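For reference, the structure is listed below as structure tokens.
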Amino acid sequence: MIDKIEQYSFLEPIERGPRGNTTEQVERSLRAAIVALDFAPGEFIDKGLVCARLGVSRFPVSEALARLAAEGLVEILPQRGTRAARIGLAEVKESMLIRKALETMVAQAAAERLPASALAALKENLQAQELAVGRDDRARFHALDLAFHALLVDSLEMPRVAAVIEASRANIDRVRQLLSSPRRHAVTLAEHRDLLKALEARDTAAARRTMEAHLEAVMDELEHFSSDHPEVFAPQ
């Protein structure tokens with residue numbers, strides 16, 4: 001049993017908190033594991049092992065999986081079990097369309113009025129990205145990439161825009177993990193440099209164009225990847 005539990009070593013035991021908080025913690029833990037591809041698309045999730053690893057009963061695990069099923073991150077198959085959902089390519093394309101529409105507008109607005117303090121924070125983030133690329137630290141780079149984009153929206157004080165982008169992120173983040181590679185990170189870093197240059201120059205057209213090209217590049221790579229690895233994606 002101990003050896004089997006170690007298969008889920010990426011799950012950290014849950015700390016006991018206020019009553020009713022356990023399910024939320026389990027949900028966050030499982031969502032993070034699915035998005036990080038610790039549970040591969042199509043992989044069955046052993047509830048018993050999850051319970052043993054997290055140190056919780058079956059109820060919060062079942063409840064958390066039901067919530068994740070409503071988000072489309074897991075599939076509950078009667079008489080068969082629960083598995084990490086394969087990625088819906090059409091859903092990812094729709095989410096990327098939403099993200100591109102919003103983030104290109106954010107980039108334009110940022111070039112117009114992003115405060116100097118935010119530009120400094122973006123530059124600091126970019127320096128950290130360079131270190132992560134140099135060390136091939138994929139987890140660190142992914143976190144910094146997310147933070148770079150979040151800085152733009154948060155610094156402009158656009159909470160509703162941020163909420164819409166966040167809501168469309170789960171499957172996009174799984175795709176980004178699939179495409180993760182030293183080459184992709186180097187390209188992303190170069191694209192981020194170009195964007196920061198446009199923002200510092202207060203060039204709204206260049207900022208919008210650079211952000212659009214940055215997001216379209218991800219979709220282009222996804223098209224190629226989905227052709228080579230159809231088993232990862234849900235049937236269309």
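Convention: chains lettered A, B, ... in structure tokens order; per-chain residue numbering from 1; ligands numbered from 1 as shown.
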Secondary structure check, strand (DSSP E) residues of region 9-87 of chain A, as an mmCIF file with C-alpha atoms, in the first residue's frame:
```
data_model
loop_
_atom_site.group_PDB
_atom_site.id
_atom_site.type_symbol
_atom_site.label_atom_id
_atom_site.label_comp_id
_atom_site.auth_asym_id
_atom_site.auth_seq_id
_atom_site.Cartn_x
_atom_site.Cartn_y
_atom_site.Cartn_z
ATOM 1 C CA PHE A 44 -7.999 7.125 -13.895
ATOM 2 C CA ILE A 45 -7.823 8.601 -10.394
ATOM 3 C CA VAL A 74 -12.529 15.192 -14.646
ATOM 4 C CA GLU A 75 -14.970 12.633 -16.017
ATOM 5 C CA ILE A 76 -17.047 10.440 -13.701
ATOM 6 C CA LEU A 77 -17.790 7.172 -15.507
ATOM 7 C CA GLY A 81 -14.393 5.252 -11.951
ATOM 8 C CA THR A 82 -13.164 8.804 -12.326
ATOM 9 C CA ARG A 83 -10.452 9.976 -14.661
ATOM 10 C CA ALA A 84 -8.737 13.223 -15.570
#
```
Could you pull out the alpha helix (DSSP H) residues of region 41-139 of chain A, going by DSSP on the backbone, and write them as a PyMOL selection string?
chain A and resi 47-54+58-70+89-113+116-135+138-139
Counting only C-alpha atoms, what is within 9 Å of Arg99 (chain A), bar same-chain residues fewer than 5 positions away, as a PyMOL selection string?
chain A and resi 94+104+164-165+168-169+215
Go ahead and write the residues just picked, N, CA and C atoms, as a CSV table (one decimal), in the first residue's frame.
```
chain,number,residue,atom,x,y,z
A,94,GLU,N,-11.8,28.2,-27.9
A,94,GLU,CA,-12.7,29.2,-27.5
A,94,GLU,C,-12.1,30.0,-26.3
A,104,THR,N,-5.2,41.5,-25.6
A,104,THR,CA,-4.7,42.4,-26.5
A,104,THR,C,-5.2,43.8,-26.2
A,164,VAL,N,-12.6,37.0,-15.7
A,164,VAL,CA,-13.0,36.3,-17.0
A,164,VAL,C,-11.8,35.5,-17.5
A,165,ILE,N,-10.6,36.2,-17.4
A,165,ILE,CA,-9.4,35.5,-17.9
A,165,ILE,C,-9.1,34.3,-17.0
A,168,SER,N,-11.2,31.2,-17.6
A,168,SER,CA,-10.9,30.4,-18.9
A,168,SER,C,-9.6,29.7,-18.9
A,169,ARG,N,-8.9,29.7,-17.7
A,169,ARG,CA,-7.5,29.3,-17.7
A,169,ARG,C,-7.2,27.8,-17.5
A,215,LEU,N,0.0,35.1,-28.2
A,215,LEU,CA,-1.0,34.2,-27.9
A,215,LEU,C,-1.3,33.3,-29.1
```
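Among the candidates A:Arg193, A:Arg174, A:His149, A:Lys93, the residue lying nearest to Ala107 (chain A) is A:His149 (atoms considered: only C-alpha atoms).
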What separates CA of Leu114 (chain A) and CA of His142 (chain A) is a distance of 23.3 Å
For region 197-200 of chain A, find every residue with an atom within 6 Å (counting only C-alpha atoms), except residues of its own chain fewer than 4 positions away, and show them as number ranges by chain.
A: 111, 206-207
Can you pull out every residue within 9 Å of Thr23 (chain A), counting only C-alpha atoms, but drop anything in the same chain fewer than 6 positions away, and send it as a PDB file with C-alpha atoms, in the first residue's frame?
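Output below, filename result.pdb:
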```pdb
ATOM      1  CA  PHE A  59     -16.564  12.226   1.223  1.00  0.00           C
ATOM      2  CA  PRO A  60     -14.456  15.373   0.598  1.00  0.00           C
ATOM      3  CA  VAL A  61     -12.607  13.588  -2.223  1.00  0.00           C
ATOM      4  CA  SER A  62     -15.885  12.563  -3.897  1.00  0.00           C
ATOM      5  CA  GLU A  63     -17.304  16.054  -3.447  1.00  0.00           C
ATOM      6  CA  ALA A  64     -14.151  17.701  -4.829  1.00  0.00           C
TER       7      ALA A  64
END
```
Close residues, Ser181 (chain A) itself excluded, 12 Å, only C-alpha atoms, min 4 positions apart in chain, as an NGL selection string
:A and (133 or 136-139 or 141-142 or 176-177 or 185-188 or 221)
Considering only C-alpha atoms, can you say which of A:Pro182, A:Leu122, A:Val35, A:Ala217 comes closest to Leu195 (chain A)?
A:Leu122
One-decimal distance in Å that lies between CA of Leu49 (chain A) and CA of Ala167 (chain A)
29.0 Å
Report, in Å to a single decimal, how far apart CA of Thr204 (chain A) and CA of Ala109 (chain A) are.
7.3 Å
Would you mind listing what lies within 12 Å of Glu223 (chain A) as a PDB file with N, CA and C atoms, in the first residue's frame, with only C-alpha atoms counted and same-chain residues fewer than 3 positions away left out?
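Below is the file out_19.pdb, written as the result:
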```pdb
ATOM      1  N   LEU A  89     -10.279  20.248 -27.342  1.00  0.00           N
ATOM      2  CA  LEU A  89      -9.572  21.192 -28.207  1.00  0.00           C
ATOM      3  C   LEU A  89     -10.456  22.384 -28.571  1.00  0.00           C
ATOM      4  N   ALA A  90     -11.743  22.112 -28.831  1.00  0.00           N
ATOM      5  CA  ALA A  90     -12.654  23.204 -29.182  1.00  0.00           C
ATOM      6  C   ALA A  90     -12.805  24.181 -28.012  1.00  0.00           C
ATOM      7  N   VAL A  92     -10.552  24.742 -25.658  1.00  0.00           N
ATOM      8  CA  VAL A  92      -9.308  25.500 -25.529  1.00  0.00           C
ATOM      9  C   VAL A  92      -9.266  26.632 -26.555  1.00  0.00           C
ATOM     10  N   LYS A  93      -9.673  26.340 -27.773  1.00  0.00           N
ATOM     11  CA  LYS A  93      -9.678  27.370 -28.815  1.00  0.00           C
ATOM     12  C   LYS A  93     -10.615  28.514 -28.439  1.00  0.00           C
ATOM     13  N   VAL A 175      -2.744  22.835 -21.458  1.00  0.00           N
ATOM     14  CA  VAL A 175      -2.111  22.884 -22.775  1.00  0.00           C
ATOM     15  C   VAL A 175      -0.703  23.460 -22.672  1.00  0.00           C
ATOM     16  N   LEU A 179       2.895  21.790 -23.850  1.00  0.00           N
ATOM     17  CA  LEU A 179       3.812  22.418 -24.801  1.00  0.00           C
ATOM     18  C   LEU A 179       5.122  22.860 -24.160  1.00  0.00           C
ATOM     19  N   GLU A 216      -1.218  33.857 -30.326  1.00  0.00           N
ATOM     20  CA  GLU A 216      -1.453  33.055 -31.536  1.00  0.00           C
ATOM     21  C   GLU A 216      -0.378  31.978 -31.703  1.00  0.00           C
ATOM     22  N   ALA A 217       0.839  32.272 -31.248  1.00  0.00           N
ATOM     23  CA  ALA A 217       1.930  31.293 -31.363  1.00  0.00           C
ATOM     24  C   ALA A 217       1.617  30.033 -30.550  1.00  0.00           C
ATOM     25  N   VAL A 218       0.987  30.224 -29.400  1.00  0.00           N
ATOM     26  CA  VAL A 218       0.598  29.072 -28.578  1.00  0.00           C
ATOM     27  C   VAL A 218      -0.410  28.209 -29.318  1.00  0.00           C
ATOM     28  N   MET A 219      -1.383  28.833 -29.950  1.00  0.00           N
ATOM     29  CA  MET A 219      -2.404  28.080 -30.678  1.00  0.00           C
ATOM     30  C   MET A 219      -1.815  27.359 -31.882  1.00  0.00           C
ATOM     31  N   ASP A 220      -0.854  27.975 -32.548  1.00  0.00           N
ATOM     32  CA  ASP A 220      -0.209  27.325 -33.691  1.00  0.00           C
ATOM     33  C   ASP A 220       0.508  26.050 -33.241  1.00  0.00           C
ATOM     34  N   SER A 226      -1.635  18.593 -31.282  1.00  0.00           N
ATOM     35  CA  SER A 226      -2.863  17.794 -31.274  1.00  0.00           C
ATOM     36  C   SER A 226      -2.887  16.807 -32.441  1.00  0.00           C
ATOM     37  N   SER A 227      -2.259  17.178 -33.542  1.00  0.00           N
ATOM     38  CA  SER A 227      -2.183  16.258 -34.682  1.00  0.00           C
ATOM     39  C   SER A 227      -1.277  15.074 -34.376  1.00  0.00           C
ATOM     40  N   ASP A 228      -0.214  15.339 -33.613  1.00  0.00           N
ATOM     41  CA  ASP A 228       0.753  14.288 -33.290  1.00  0.00           C
ATOM     42  C   ASP A 228       0.329  13.438 -32.095  1.00  0.00           C
ATOM     43  N   HIS A 229      -0.520  13.995 -31.218  1.00  0.00           N
ATOM     44  CA  HIS A 229      -0.912  13.299 -29.981  1.00  0.00           C
ATOM     45  C   HIS A 229      -2.427  13.345 -29.794  1.00  0.00           C
ATOM     46  N   PRO A 230      -3.193  12.736 -30.690  1.00  0.00           N
ATOM     47  CA  PRO A 230      -4.665  12.810 -30.593  1.00  0.00           C
ATOM     48  C   PRO A 230      -5.226  12.152 -29.340  1.00  0.00           C
ATOM     49  N   PHE A 233      -6.519  14.374 -26.418  1.00  0.00           N
ATOM     50  CA  PHE A 233      -7.647  15.266 -26.622  1.00  0.00           C
ATOM     51  C   PHE A 233      -8.966  14.486 -26.756  1.00  0.00           C
TER      52      PHE A 233
END
```
